[in-house]
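> Can you read through this structure? Questions will come right after.
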There are 4 protein chains.
Amino acid sequence: MQTLKYSVQKDLLTAARAIFLRKGFQKTSMRDIAQASGICLSNIYNYFKSKDALFCAIVRPVVDALERMLDEHHGRAGADILEMRSEDYFRNVVREYVDLLTKHNTLLKLLFFRSQGSSLENYKETFADRSTQLVKQYFRTMKERHPEVNIEISGFYIHLHTVWMFALLEEIVRQRLKPKDIEPIITEYMTGEIFGWRKLMKI
Amino acid sequence: MQTLKYSVQKDLLTAARAIFLRKGFQKTSMRDIAQASGICLSNIYNYFKSKDALFCAIVRPVVDALERMLDEHHGRAGADILEMRSEDYFRNVVREYVDLLTKHNTLLKLLFFRSQGSSLENYKETFADRSTQLVKQYFRTMKERHPEVNIEISGFYIHLHTVWMFALLEEIVRQRLKPKDIEPIITEYMTGEIFGWRKLMKI
Amino acid sequence: MQTLKYSVQKDLLTAARAIFLRKGFQKTSMRDIAQASGICLSNIYNYFKSKDALFCAIVRPVVDALERMLDEHHGRAGADILEMRSEDYFRNVVREYVDLLTKHNTLLKLLFFRSQGSSLENYKETFADRSTQLVKQYFRTMKERHPEVNIEISGFYIHLHTVWMFALLEEIVRQRLKPKDIEPIITEYMTGEIFGWRKLMKI
Amino acid sequence: MQTLKYSVQKDLLTAARAIFLRKGFQKTSMRDIAQASGICLSNIYNYFKSKDALFCAIVRPVVDALERMLDEHHGRAGADILEMRSEDYFRNVVREYVDLLTKHNTLLKLLFFRSQGSSLENYKETFADRSTQLVKQYFRTMKERHPEVNIEISGFYIHLHTVWMFALLEEIVRQRLKPKDIEPIITEYMTGEIFGWRKLMKI
DNA sequence: CATGAATGAGAATTCATTCAT
DNA sequence: AATGAATGAATTCTCATTCAT
């Protein structure tokens with residue numbers, strides 16, 4: 001198999017993205033997509049094996065980006081917790097989020113609010129859960145290295161802050177903020193967050 | 001049509017609520033509800049004119065409660081803004097939220113996370129939008145009364161905090177917190193919020 | 001649920017049977033059946049939950065009859081092997097087969113030759129296999145009771161004769177023989193068969 | 001179009017045969033065949049004009065062999081009926097069947113049990129019918145030459161024995177008997193058959 | 001010869017809702 | 001009020017085949 005005709009694939013993805021965005025995964029029918037993209041209904045299946053696969057393909061870049069962030073922040077490769085206090089760390093985190101929002105504005109919306117009925121319908125919840133677990137694990141590891149750090153923080157608190165982060169992303173996406181407006185918001189939010197966490201952990 | 005049998009209506013609502021909660025509005029079929037409630041499929045239509053109407057009826061109490069809160073806090077009947085500084089106001093607000101969560105735990109979940117496909121699928125967003133508008137209007141009114149109050153607060157900020165409030169409610173619902181655990185969380189959250197708002201508004 | 005409207009169910013079964021018989025399970029579409037029976041396509045699903053279920057319902061009587069025969073002939077309730085020599089046994093067996101053919105002529109054809117694609121597509125093979133196993137087991141049991149009986153008979157032979165039996169049934173069905181013509185054929189066949197088996201087993 | 005590449009054709013036939021054998025004609029899709037053979041889907045149509053034509057081409061050798069046998073045994077070129085009594089005739093017939101089974105094991109299975117949906121789906125029945133007609137005709141011809149021969153044999157009997165023959169072939173194919181095991185079975189079967197026929201015909 | 005792309009018909013099944021009694 | 005029956009539109013997906021290059 002060679003690569004399929006590029007322009008058709010592109011038309012398809014573009015049209016599908018627009019409809020998914022407007023109507024959500026479940027209420028969008030393959031007919032809708034066929035009609036909107038001008039591609040024969042059955043031909044869609046030459047490009048994607050199912051409606052779900054099509055949705056996942058559209059949304060993939062942002063899923064990949066989120067997975068990478070999850071891994072880098074709280075995974076094994078994570079930095080030392082005391083870095084939280086450094087300027088560099090702070091700027092990095094901000095840039096990451098700004099990048100995410102700038103590049104994947106629409107896809108975030110799709111993934112978080114239009115995915116019901118697809119295999120990604122629980123992605124947000126799952127992500128928050130996994131994030132919470134990873135943070136807990138990360139804390140335990142850090143505790144060994146820095147016994148003075150307080151890690152008596154409830155799962156509820158951790159989870160809530162992940163969810164709030166998402167809510168912030170969502171708001172930015174919803175309001176279609178321009179890149180230059182995004183950065184100060186993220187900066188301000190992160191300042192508060194990091195400050196809060198450091199206070200809790202006494203570092 | 002006259003007086004519909006009360007017990008049937010109750011069975012219906014109870015059964016439907018349970019299924020909507022488990023499968024969501026869209027994936028729940030009228031057949032599912034008929035089967036679970038033991039009420040004949042076509043008889044359901046003697047009680048509710050559509051699937052959507054049934055869902056709305058179930059969820060109505062919490063919608064009413066939210067509307068009332070919206071009205072009381074930011075509507076014309078709202079209190080003076082300087083009340084924000086009083087202990088009473090604070091305690092009232094906390095109690096209101098605790099009440100809401102205690103009484104309508106399940107319905108909140110339904111309304112916020114199981115309503116896709118129904119006419120209430122955008123309730124959360126709509127609520128936040130209306131809330132934002134009301135708050136802005138309220139600020140303008142208060143400005144006339146108290147010119148010293150700063151009301152230069154972005155719509156984004158207002159909207160975001162409404163959404164965060166919802167995210168908090170959602171977390172509490174999700175984690176099935178018990179009433180006694182809810183109060184301290186709300187109290188803590190409200191303390192931070194009111195403090196933040198007062199700082200911004202310089203009151 | 002009360003019993004569904006009898007006449008519709010009957011029409012449905014009758015029409016479906018006729019089409020299945022003509023075109024086979026796989027090539028028959030639910031549309032075909034709807035059209036032929038004059039019943040709305042989706043209404044069929046109020047009577048049978050799937051195409052397969054419809055087919056099985058049609059064919060059920062003959063499946064039941066065959067299962068009963070299998071059980072009675074070779075199952076635990078089976079008679080002593082030496083009964084093979086009695087007149088009564090012989091007449092019974094003949095009558096059974098004549099009955100089967102007389103009552104279930106059409107259904108046998110459906111089950112054996114029109115079931116491809118349904119869950120019963122391998123019924124004939126499965127039946128022959130199970131029959132072979134049961135016969136082998138039966139022989140072993142009888143060997144204990146009558147050590148003089150020879151049971152050194154290959155699985156191939158047993159299986160082949162089951163299959164031949166089916167082929168005979170099939171021929172009778174195919175040719176639409178009348179009841180009175182069936183009996184002599186079965187009688188003759190059985191005479192040969194029982195004679196052959198007795199010779200092999202030396203009883 | 002000219003000379004189609006031999007090796008491609010061969011790959012195609014080999015792959016298709018394997019899949020038809022496993023899944024049957026109807027459940028095998030041209031896509032399956034394309035994938036398994038490594039030949040581009042649309043290119044298959046340069047070699048065979050339809051799925052059916054492909055199936056027929058695969059199965060052709062065994063169809064030819066069967067046609068030849070039909071012709072030689074009962075057709076105009078057939079030997080005198082009294083030859084039935086000779087050793088040579090007997091050995092010839094046995095060898096023929098053993099050859100058929102040895103050479104065309106797989107194709108027989110395809111033709112008899114995997115052809116539903118193709119134009120050959122009724123080959124077995126058709127063959128048996130034609131065979132029956134030919135035998136009847138042959139009998140009439142022989143009657144003229146040998147008036148003492150009894151030809152009062154029912155069509156049912158003739159047809160049945162053809163079908164049994166097929167059932168035997170089927171069993172041998174099904175059980176994957178090895179060539180050396182096939183011969184004794186055929187020999188034994190033929191002994192009985194010829195003996196039976198001669199007795200009936202009084203020759 | 002080979003290939004990727006396209007096509008239109010058709011498959012089973014589900015659903016909210018209405019009808020007649 | 002209650003019920004069984006009916007309906008028509010919709011849904012995802014599959015398939016053999018053809019087209020254009």
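For the structure tokens, the naming scheme is as follows: chains receive sequential letters (A, B, ...) according to their order of presentation, residues are indexed from 1 within each chain, and ligands are indexed from 1 in presentation order.
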May I have the residues within 12 Å of Ile153 of chain D as a ChimeraX atom specification, using only C-alpha atoms (C1' of nucleotides) and disregarding those fewer than 4 positions away in the same chain?
/D:132,135-136,139-140,149,157-161,196-202
> Kindly export the residues of the current selection with C-alpha atoms, as a compact mmCIF listing (two decimals), in the first residue's frame.

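So result-v3.txt came out as:
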```txt
# COMPACT_ATOMS: atom_id res chain seq x y z
CA THR D 132 -29.10 -40.71 -12.34
CA VAL D 135 -27.62 -44.39 -15.64
CA LYS D 136 -31.27 -44.73 -16.52
CA PHE D 139 -29.85 -49.12 -18.59
CA ARG D 140 -32.33 -48.69 -21.38
CA VAL D 149 -31.00 -57.90 -17.46
CA TYR D 157 -32.26 -45.98 -5.48
CA ILE D 158 -29.87 -44.79 -8.16
CA HIS D 159 -29.80 -41.29 -6.86
CA LEU D 160 -29.33 -42.40 -3.31
CA HIS D 161 -26.31 -44.47 -4.17
CA GLY D 196 -25.60 -55.15 -4.69
CA TRP D 197 -26.10 -53.84 -8.18
CA ARG D 198 -25.45 -57.19 -9.78
CA LYS D 199 -27.92 -58.85 -7.48
CA LEU D 200 -30.57 -56.28 -8.31
CA MET D 201 -29.93 -56.53 -11.98
CA LYS D 202 -29.57 -60.26 -11.90
```
> Distance limit 12 Å, atoms considered: only C-alpha atoms (C1' of nucleotides). Which chain F residues sit that close to chain B? Return them as a JSON list (two decimals) with N, CA and C atoms (P, O5', C5', C4', C3', O3' and C1' of nucleotides), in the first residue's frame.

```
[["chain", "number", "residue", "atom", "x", "y", "z"],
["F", 1, "DA", "P", -54.29, 9.21, 34.66],
["F", 1, "DA", "O5'", -54.43, 7.66, 34.74],
["F", 1, "DA", "C5'", -54.58, 7.00, 33.49],
["F", 1, "DA", "C4'", -54.35, 5.56, 33.83],
["F", 1, "DA", "C3'", -52.92, 5.12, 33.62],
["F", 1, "DA", "O3'", -52.75, 3.95, 34.41],
["F", 1, "DA", "C1'", -54.28, 4.32, 31.86],
["F", 2, "DA", "P", -51.34, 3.27, 34.40],
["F", 2, "DA", "O5'", -51.52, 2.26, 33.19],
["F", 2, "DA", "C5'", -52.37, 1.12, 33.38],
["F", 2, "DA", "C4'", -52.35, 0.30, 32.13],
["F", 2, "DA", "C3'", -50.95, -0.10, 31.64],
["F", 2, "DA", "O3'", -50.89, -1.51, 31.73],
["F", 2, "DA", "C1'", -52.34, 0.64, 29.86],
["F", 3, "DT", "P", -49.52, -2.20, 31.46],
["F", 3, "DT", "O5'", -49.74, -2.60, 29.94],
["F", 3, "DT", "C5'", -50.81, -3.49, 29.62],
["F", 3, "DT", "C4'", -50.86, -3.66, 28.12],
["F", 3, "DT", "C3'", -49.49, -3.92, 27.50],
["F", 3, "DT", "O3'", -49.50, -5.22, 26.98],
["F", 3, "DT", "C1'", -50.77, -2.39, 26.22],
["F", 4, "DG", "P", -48.18, -5.98, 26.84],
["F", 4, "DG", "O5'", -48.33, -6.45, 25.33],
["F", 4, "DG", "C5'", -49.58, -6.97, 24.90],
["F", 4, "DG", "C4'", -49.72, -6.75, 23.43],
["F", 4, "DG", "C3'", -48.50, -7.18, 22.61],
["F", 4, "DG", "O3'", -48.99, -7.88, 21.48],
["F", 4, "DG", "C1'", -48.99, -4.89, 22.18],
["F", 5, "DA", "P", -48.02, -8.28, 20.37],
["F", 5, "DA", "O5'", -48.18, -7.10, 19.33],
["F", 5, "DA", "C5'", -49.50, -6.80, 18.87],
["F", 5, "DA", "C4'", -49.42, -5.72, 17.82],
["F", 5, "DA", "C3'", -48.37, -5.97, 16.74],
["F", 5, "DA", "O3'", -49.01, -5.79, 15.49],
["F", 5, "DA", "C1'", -48.07, -3.81, 17.68],
["F", 6, "DA", "P", -48.20, -5.99, 14.20],
["F", 6, "DA", "O5'", -47.77, -4.51, 13.87],
["F", 6, "DA", "C5'", -48.78, -3.54, 13.61],
["F", 6, "DA", "C4'", -48.15, -2.21, 13.38],
["F", 6, "DA", "C3'", -47.07, -2.19, 12.29],
["F", 6, "DA", "O3'", -47.56, -1.37, 11.24],
["F", 6, "DA", "C1'", -46.38, -1.00, 14.23]]
```
> Which residue is closest to chain B? Choose from E:DT7, E:DT18, E:DA12, E:DA2 and count only C-alpha atoms (C1' of nucleotides).
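Going through E:DT7, E:DT18, E:DA12, E:DA2 one by one, the smallest distance to chain B is for E:DT18.
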> With chain B held fixed, move chain D onto it by a least-squares fit of all C-alpha atoms in order and give the output as a JSON list (two decimals) with C-alpha atoms, in the first residue's frame.

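The resulting part_34.json:
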```
[["chain", "number", "residue", "atom", "x", "y", "z"],
["D", 1, "MET", "CA", -55.13, 11.45, 30.78],
["D", 2, "GLN", "CA", -56.41, 13.07, 33.96],
["D", 3, "THR", "CA", -54.59, 12.17, 37.16],
["D", 4, "LEU", "CA", -51.75, 9.90, 36.25],
["D", 5, "LYS", "CA", -51.01, 7.29, 38.80],
["D", 6, "TYR", "CA", -48.49, 8.64, 41.21],
["D", 7, "SER", "CA", -46.67, 5.43, 41.93],
["D", 8, "VAL", "CA", -46.10, 4.64, 38.30],
["D", 9, "GLN", "CA", -44.63, 8.05, 37.73],
["D", 10, "LYS", "CA", -42.35, 7.54, 40.68],
["D", 11, "ASP", "CA", -41.19, 4.11, 39.54],
["D", 12, "LEU", "CA", -40.52, 5.52, 36.16],
["D", 13, "LEU", "CA", -38.45, 8.41, 37.40],
["D", 14, "THR", "CA", -36.48, 6.22, 39.74],
["D", 15, "ALA", "CA", -35.68, 3.61, 37.15],
["D", 16, "ALA", "CA", -34.87, 6.15, 34.47],
["D", 17, "ARG", "CA", -32.60, 8.07, 36.80],
["D", 18, "ALA", "CA", -30.61, 4.96, 37.57],
["D", 19, "ILE", "CA", -30.13, 4.07, 33.92],
["D", 20, "PHE", "CA", -29.35, 7.58, 32.75],
["D", 21, "LEU", "CA", -26.79, 7.71, 35.51],
["D", 22, "ARG", "CA", -25.14, 4.54, 34.38],
["D", 23, "LYS", "CA", -25.30, 4.87, 30.62],
["D", 24, "GLY", "CA", -25.88, 8.53, 29.93],
["D", 25, "PHE", "CA", -28.79, 10.10, 28.12],
["D", 26, "GLN", "CA", -27.82, 9.17, 24.63],
["D", 27, "LYS", "CA", -26.95, 5.56, 25.17],
["D", 28, "THR", "CA", -30.07, 4.94, 27.20],
["D", 29, "SER", "CA", -33.01, 3.79, 25.15],
["D", 30, "MET", "CA", -36.65, 4.13, 26.06],
["D", 31, "ARG", "CA", -36.78, 0.35, 25.92],
["D", 32, "ASP", "CA", -34.14, 0.15, 28.61],
["D", 33, "ILE", "CA", -36.25, 2.39, 30.78],
["D", 34, "ALA", "CA", -39.43, 0.48, 30.10],
["D", 35, "GLN", "CA", -37.77, -2.77, 31.01],
["D", 36, "ALA", "CA", -36.10, -1.49, 34.14],
["D", 37, "SER", "CA", -39.21, 0.26, 35.44],
["D", 38, "GLY", "CA", -41.59, -2.51, 34.51],
["D", 39, "ILE", "CA", -43.74, 0.02, 32.73],
["D", 40, "CYS", "CA", -44.92, -0.60, 29.23],
["D", 41, "LEU", "CA", -42.85, 1.27, 26.69],
["D", 42, "SER", "CA", -45.71, 3.13, 25.13],
["D", 43, "ASN", "CA", -47.21, 3.95, 28.49],
["D", 44, "ILE", "CA", -44.18, 6.05, 29.32],
["D", 45, "TYR", "CA", -45.49, 8.50, 26.78],
["D", 46, "ASN", "CA", -48.61, 8.97, 28.87],
["D", 47, "TYR", "CA", -46.37, 10.44, 31.53],
["D", 48, "PHE", "CA", -43.71, 12.25, 29.56],
["D", 49, "LYS", "CA", -43.99, 13.40, 26.05],
["D", 50, "SER", "CA", -40.45, 12.50, 25.06],
["D", 51, "LYS", "CA", -37.23, 11.02, 26.25],
["D", 52, "ASP", "CA", -35.92, 14.52, 26.65],
["D", 53, "ALA", "CA", -38.88, 15.61, 28.75],
["D", 54, "LEU", "CA", -38.34, 12.64, 30.99],
["D", 55, "PHE", "CA", -34.72, 13.52, 31.49],
["D", 56, "CYS", "CA", -35.55, 17.12, 32.23],
["D", 57, "ALA", "CA", -38.17, 16.10, 34.76],
["D", 58, "ILE", "CA", -35.67, 13.95, 36.58],
["D", 59, "VAL", "CA", -33.09, 16.62, 36.69],
["D", 60, "ARG", "CA", -35.47, 19.46, 37.36],
["D", 61, "PRO", "CA", -34.94, 19.82, 41.13],
["D", 62, "VAL", "CA", -31.29, 20.49, 40.75],
["D", 63, "VAL", "CA", -31.83, 22.82, 37.82],
["D", 64, "ASP", "CA", -34.31, 24.77, 39.94],
["D", 65, "ALA", "CA", -31.89, 24.91, 42.81],
["D", 66, "LEU", "CA", -29.13, 26.17, 40.57],
["D", 67, "GLU", "CA", -31.39, 28.76, 39.00],
["D", 68, "ARG", "CA", -32.39, 29.97, 42.43],
["D", 69, "MET", "CA", -28.77, 30.26, 43.48],
["D", 70, "LEU", "CA", -27.89, 32.12, 40.36],
["D", 71, "ASP", "CA", -30.73, 34.50, 40.95],
["D", 72, "GLU", "CA", -30.05, 35.09, 44.59],
["D", 73, "HIS", "CA", -26.35, 35.62, 44.25],
["D", 74, "HIS", "CA", -26.16, 37.79, 41.26],
["D", 75, "GLY", "CA", -29.68, 38.67, 40.24],
["D", 76, "ARG", "CA", -31.63, 41.77, 41.06],
["D", 77, "ALA", "CA", -32.54, 40.49, 44.48],
["D", 78, "GLY", "CA", -28.86, 40.15, 45.28],
["D", 79, "ALA", "CA", -27.40, 41.60, 48.42],
["D", 80, "ASP", "CA", -25.04, 44.51, 48.58],
["D", 81, "ILE", "CA", -21.56, 43.66, 47.45],
["D", 82, "LEU", "CA", -20.00, 44.76, 50.67],
["D", 83, "GLU", "CA", -21.75, 41.94, 52.42],
["D", 84, "MET", "CA", -19.00, 39.79, 51.02],
["D", 85, "ARG", "CA", -17.04, 40.85, 54.01],
["D", 86, "SER", "CA", -19.50, 39.56, 56.59],
["D", 87, "GLU", "CA", -19.26, 36.28, 58.41],
["D", 88, "ASP", "CA", -22.94, 35.62, 57.83],
["D", 89, "TYR", "CA", -22.65, 35.89, 54.10],
["D", 90, "PHE", "CA", -19.78, 33.49, 54.11],
["D", 91, "ARG", "CA", -21.56, 30.93, 56.21],
["D", 92, "ASN", "CA", -24.65, 31.23, 54.08],
["D", 93, "VAL", "CA", -22.83, 30.59, 50.85],
["D", 94, "VAL", "CA", -21.03, 27.61, 52.30],
["D", 95, "ARG", "CA", -24.27, 26.16, 53.59],
["D", 96, "GLU", "CA", -25.91, 26.65, 50.26],
["D", 97, "TYR", "CA", -23.29, 24.69, 48.41],
["D", 98, "VAL", "CA", -23.14, 21.97, 51.02],
["D", 99, "ASP", "CA", -26.91, 21.68, 50.81],
["D", 100, "LEU", "CA", -26.82, 21.50, 47.05],
["D", 101, "LEU", "CA", -24.25, 18.76, 47.09],
["D", 102, "THR", "CA", -25.89, 16.83, 49.86],
["D", 103, "LYS", "CA", -29.37, 16.92, 48.46],
["D", 104, "HIS", "CA", -28.65, 16.68, 44.77],
["D", 105, "ASN", "CA", -25.50, 14.68, 44.51],
["D", 106, "THR", "CA", -26.83, 12.27, 41.94],
["D", 107, "LEU", "CA", -28.74, 14.83, 39.95],
["D", 108, "LEU", "CA", -25.70, 17.02, 39.63],
["D", 109, "LYS", "CA", -23.84, 14.13, 38.14],
["D", 110, "LEU", "CA", -26.68, 13.53, 35.73],
["D", 111, "LEU", "CA", -26.92, 17.13, 34.74],
["D", 112, "PHE", "CA", -23.24, 17.75, 34.33],
["D", 113, "PHE", "CA", -21.94, 14.49, 32.97],
["D", 114, "ARG", "CA", -24.73, 12.39, 31.62],
["D", 115, "SER", "CA", -26.82, 14.89, 29.69],
["D", 116, "GLN", "CA", -25.16, 14.77, 26.30],
["D", 117, "GLY", "CA", -27.78, 14.42, 23.62],
["D", 118, "SER", "CA", -30.52, 16.04, 25.68],
["D", 119, "SER", "CA", -31.65, 19.62, 25.54],
["D", 120, "LEU", "CA", -29.68, 20.21, 28.72],
["D", 121, "GLU", "CA", -26.40, 19.06, 27.24],
["D", 122, "ASN", "CA", -25.02, 22.57, 27.36],
["D", 123, "TYR", "CA", -26.47, 23.54, 30.69],
["D", 124, "LYS", "CA", -23.11, 23.85, 32.40],
["D", 125, "GLU", "CA", -21.72, 26.11, 29.73],
["D", 126, "THR", "CA", -24.89, 28.11, 29.51],
["D", 127, "PHE", "CA", -25.02, 28.49, 33.22],
["D", 128, "ALA", "CA", -21.48, 29.72, 33.35],
["D", 129, "ASP", "CA", -22.17, 32.19, 30.57],
["D", 130, "ARG", "CA", -25.29, 33.55, 32.19],
["D", 131, "SER", "CA", -23.56, 33.70, 35.51],
["D", 132, "THR", "CA", -20.76, 35.69, 33.97],
["D", 133, "GLN", "CA", -23.19, 38.14, 32.42],
["D", 134, "LEU", "CA", -25.10, 38.54, 35.64],
["D", 135, "VAL", "CA", -21.97, 39.14, 37.62],
["D", 136, "LYS", "CA", -20.84, 41.77, 35.17],
["D", 137, "GLN", "CA", -24.20, 43.49, 35.36],
["D", 138, "TYR", "CA", -24.17, 43.21, 39.12],
["D", 139, "PHE", "CA", -20.76, 44.79, 39.22],
["D", 140, "ARG", "CA", -21.94, 47.71, 37.16],
["D", 141, "THR", "CA", -24.89, 48.25, 39.48],
["D", 142, "MET", "CA", -22.69, 48.09, 42.52],
["D", 143, "LYS", "CA", -20.20, 50.44, 40.96],
["D", 144, "GLU", "CA", -22.85, 53.11, 41.02],
["D", 145, "ARG", "CA", -23.50, 52.55, 44.67],
["D", 146, "HIS", "CA", -19.86, 52.11, 45.67],
["D", 147, "PRO", "CA", -17.65, 53.97, 43.21],
["D", 148, "GLU", "CA", -14.53, 52.99, 45.12],
["D", 149, "VAL", "CA", -14.94, 49.33, 44.25],
["D", 150, "ASN", "CA", -12.76, 48.04, 41.45],
["D", 151, "ILE", "CA", -14.72, 46.18, 38.81],
["D", 152, "GLU", "CA", -12.11, 45.98, 36.14],
["D", 153, "ILE", "CA", -12.19, 42.23, 36.10],
["D", 154, "SER", "CA", -12.06, 40.31, 32.86],
["D", 155, "GLY", "CA", -14.93, 38.17, 31.70],
["D", 156, "PHE", "CA", -12.41, 35.40, 31.35],
["D", 157, "TYR", "CA", -11.61, 35.51, 35.03],
["D", 158, "ILE", "CA", -15.25, 35.46, 36.06],
["D", 159, "HIS", "CA", -16.11, 32.67, 33.72],
["D", 160, "LEU", "CA", -13.12, 30.64, 34.74],
["D", 161, "HIS", "CA", -14.04, 30.79, 38.38],
["D", 162, "THR", "CA", -17.56, 29.65, 37.67],
["D", 163, "VAL", "CA", -16.18, 26.73, 35.75],
["D", 164, "TRP", "CA", -13.80, 25.90, 38.55],
["D", 165, "MET", "CA", -16.64, 25.92, 40.96],
["D", 166, "PHE", "CA", -18.35, 23.35, 38.77],
["D", 167, "ALA", "CA", -15.19, 21.32, 38.58],
["D", 168, "LEU", "CA", -15.06, 21.28, 42.35],
["D", 169, "LEU", "CA", -18.67, 20.18, 42.58],
["D", 170, "GLU", "CA", -17.91, 17.53, 40.01],
["D", 171, "GLU", "CA", -14.97, 16.21, 41.96],
["D", 172, "ILE", "CA", -17.02, 15.99, 45.12],
["D", 173, "VAL", "CA", -19.75, 14.16, 43.29],
["D", 174, "ARG", "CA", -17.30, 11.87, 41.52],
["D", 175, "GLN", "CA", -15.53, 10.85, 44.69],
["D", 176, "ARG", "CA", -18.82, 10.28, 46.52],
["D", 177, "LEU", "CA", -17.63, 12.32, 49.47],
["D", 178, "LYS", "CA", -19.77, 12.05, 52.54],
["D", 179, "PRO", "CA", -21.62, 15.13, 53.81],
["D", 180, "LYS", "CA", -19.27, 15.62, 56.73],
["D", 181, "ASP", "CA", -16.25, 15.67, 54.40],
["D", 182, "ILE", "CA", -17.85, 18.10, 52.04],
["D", 183, "GLU", "CA", -18.17, 21.03, 54.40],
["D", 184, "PRO", "CA", -14.48, 21.57, 55.17],
["D", 185, "ILE", "CA", -13.63, 21.39, 51.51],
["D", 186, "ILE", "CA", -16.23, 23.96, 50.58],
["D", 187, "THR", "CA", -15.23, 26.14, 53.48],
["D", 188, "GLU", "CA", -11.61, 26.09, 52.49],
["D", 189, "TYR", "CA", -12.39, 26.74, 48.88],
["D", 190, "MET", "CA", -14.74, 29.58, 49.68],
["D", 191, "THR", "CA", -12.25, 31.18, 51.99],
["D", 192, "GLY", "CA", -9.77, 31.36, 49.19],
["D", 193, "GLU", "CA", -12.29, 32.49, 46.65],
["D", 194, "ILE", "CA", -13.80, 35.30, 48.67],
["D", 195, "PHE", "CA", -10.37, 36.39, 49.74],
["D", 196, "GLY", "CA", -9.29, 36.50, 46.11],
["D", 197, "TRP", "CA", -12.32, 38.41, 44.94],
["D", 198, "ARG", "CA", -12.08, 40.95, 47.71],
["D", 199, "LYS", "CA", -8.45, 41.55, 46.95],
["D", 200, "LEU", "CA", -9.20, 42.07, 43.27],
["D", 201, "MET", "CA", -12.07, 44.36, 44.00],
["D", 202, "LYS", "CA", -10.26, 46.12, 46.77],
["D", 203, "ILE", "CA", -13.03, 45.81, 49.29]]
```
> Using DSSP assignments from the backbone, pull out every residue in segment 19-168 of chain C that falls under alpha helix (DSSP H) and give it to me as a PyMOL selection string.
chain C and resi 19-27+30-37+41-47+51-74+87-113+123-145+155-168
> Kindly determine which residues of chain E lie within 12 Å of chain C, considering only C-alpha atoms (C1' of nucleotides), and give the answer as a ChimeraX atom specification.
/E:10-15
> Would you save the residues from that selection as a tab-separated table (two decimals), in the first residue's frame, using N, CA and C atoms (P, O5', C5', C4', C3', O3' and C1' of nucleotides)?

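Printed below is out-v1.tsv as written:
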```tsv
chain	number	residue	atom	x	y	z
E	10	DG	P	-29.54	-3.19	-4.16
E	10	DG	O5'	-28.99	-3.78	-2.79
E	10	DG	C5'	-27.88	-4.67	-2.83
E	10	DG	C4'	-27.45	-4.93	-1.42
E	10	DG	C3'	-28.62	-5.12	-0.44
E	10	DG	O3'	-28.50	-6.38	0.18
E	10	DG	C1'	-27.00	-3.64	0.43
E	11	DA	P	-29.72	-6.92	0.98
E	11	DA	O5'	-29.03	-7.15	2.38
E	11	DA	C5'	-27.78	-7.86	2.43
E	11	DA	C4'	-27.13	-7.62	3.76
E	11	DA	C3'	-28.12	-7.53	4.92
E	11	DA	O3'	-28.40	-8.83	5.40
E	11	DA	C1'	-26.44	-5.83	5.06
E	12	DA	P	-29.71	-9.00	6.27
E	12	DA	O5'	-29.18	-8.47	7.68
E	12	DA	C5'	-28.05	-9.11	8.25
E	12	DA	C4'	-27.73	-8.46	9.58
E	12	DA	C3'	-28.86	-8.59	10.60
E	12	DA	O3'	-28.26	-8.75	11.89
E	12	DA	C1'	-28.44	-6.29	10.12
E	13	DT	P	-29.15	-9.16	13.11
E	13	DT	O5'	-29.41	-7.74	13.77
E	13	DT	C5'	-28.28	-6.93	14.07
E	13	DT	C4'	-28.73	-5.54	14.37
E	13	DT	C3'	-29.86	-5.44	15.42
E	13	DT	O3'	-29.25	-4.95	16.61
E	13	DT	C1'	-30.05	-3.84	13.66
E	14	DT	P	-30.07	-4.75	17.92
E	14	DT	O5'	-30.39	-3.20	17.88
E	14	DT	C5'	-29.32	-2.30	17.60
E	14	DT	C4'	-29.86	-0.90	17.66
E	14	DT	C3'	-30.84	-0.68	18.82
E	14	DT	O3'	-30.38	0.47	19.52
E	14	DT	C1'	-31.76	0.08	16.76
E	15	DC	P	-30.99	0.81	20.92
E	15	DC	O5'	-31.97	2.01	20.54
E	15	DC	C5'	-31.49	2.94	19.56
E	15	DC	C4'	-32.58	3.91	19.21
E	15	DC	C3'	-33.67	4.00	20.27
E	15	DC	O3'	-33.56	5.27	20.90
E	15	DC	C1'	-34.59	3.79	18.06
```
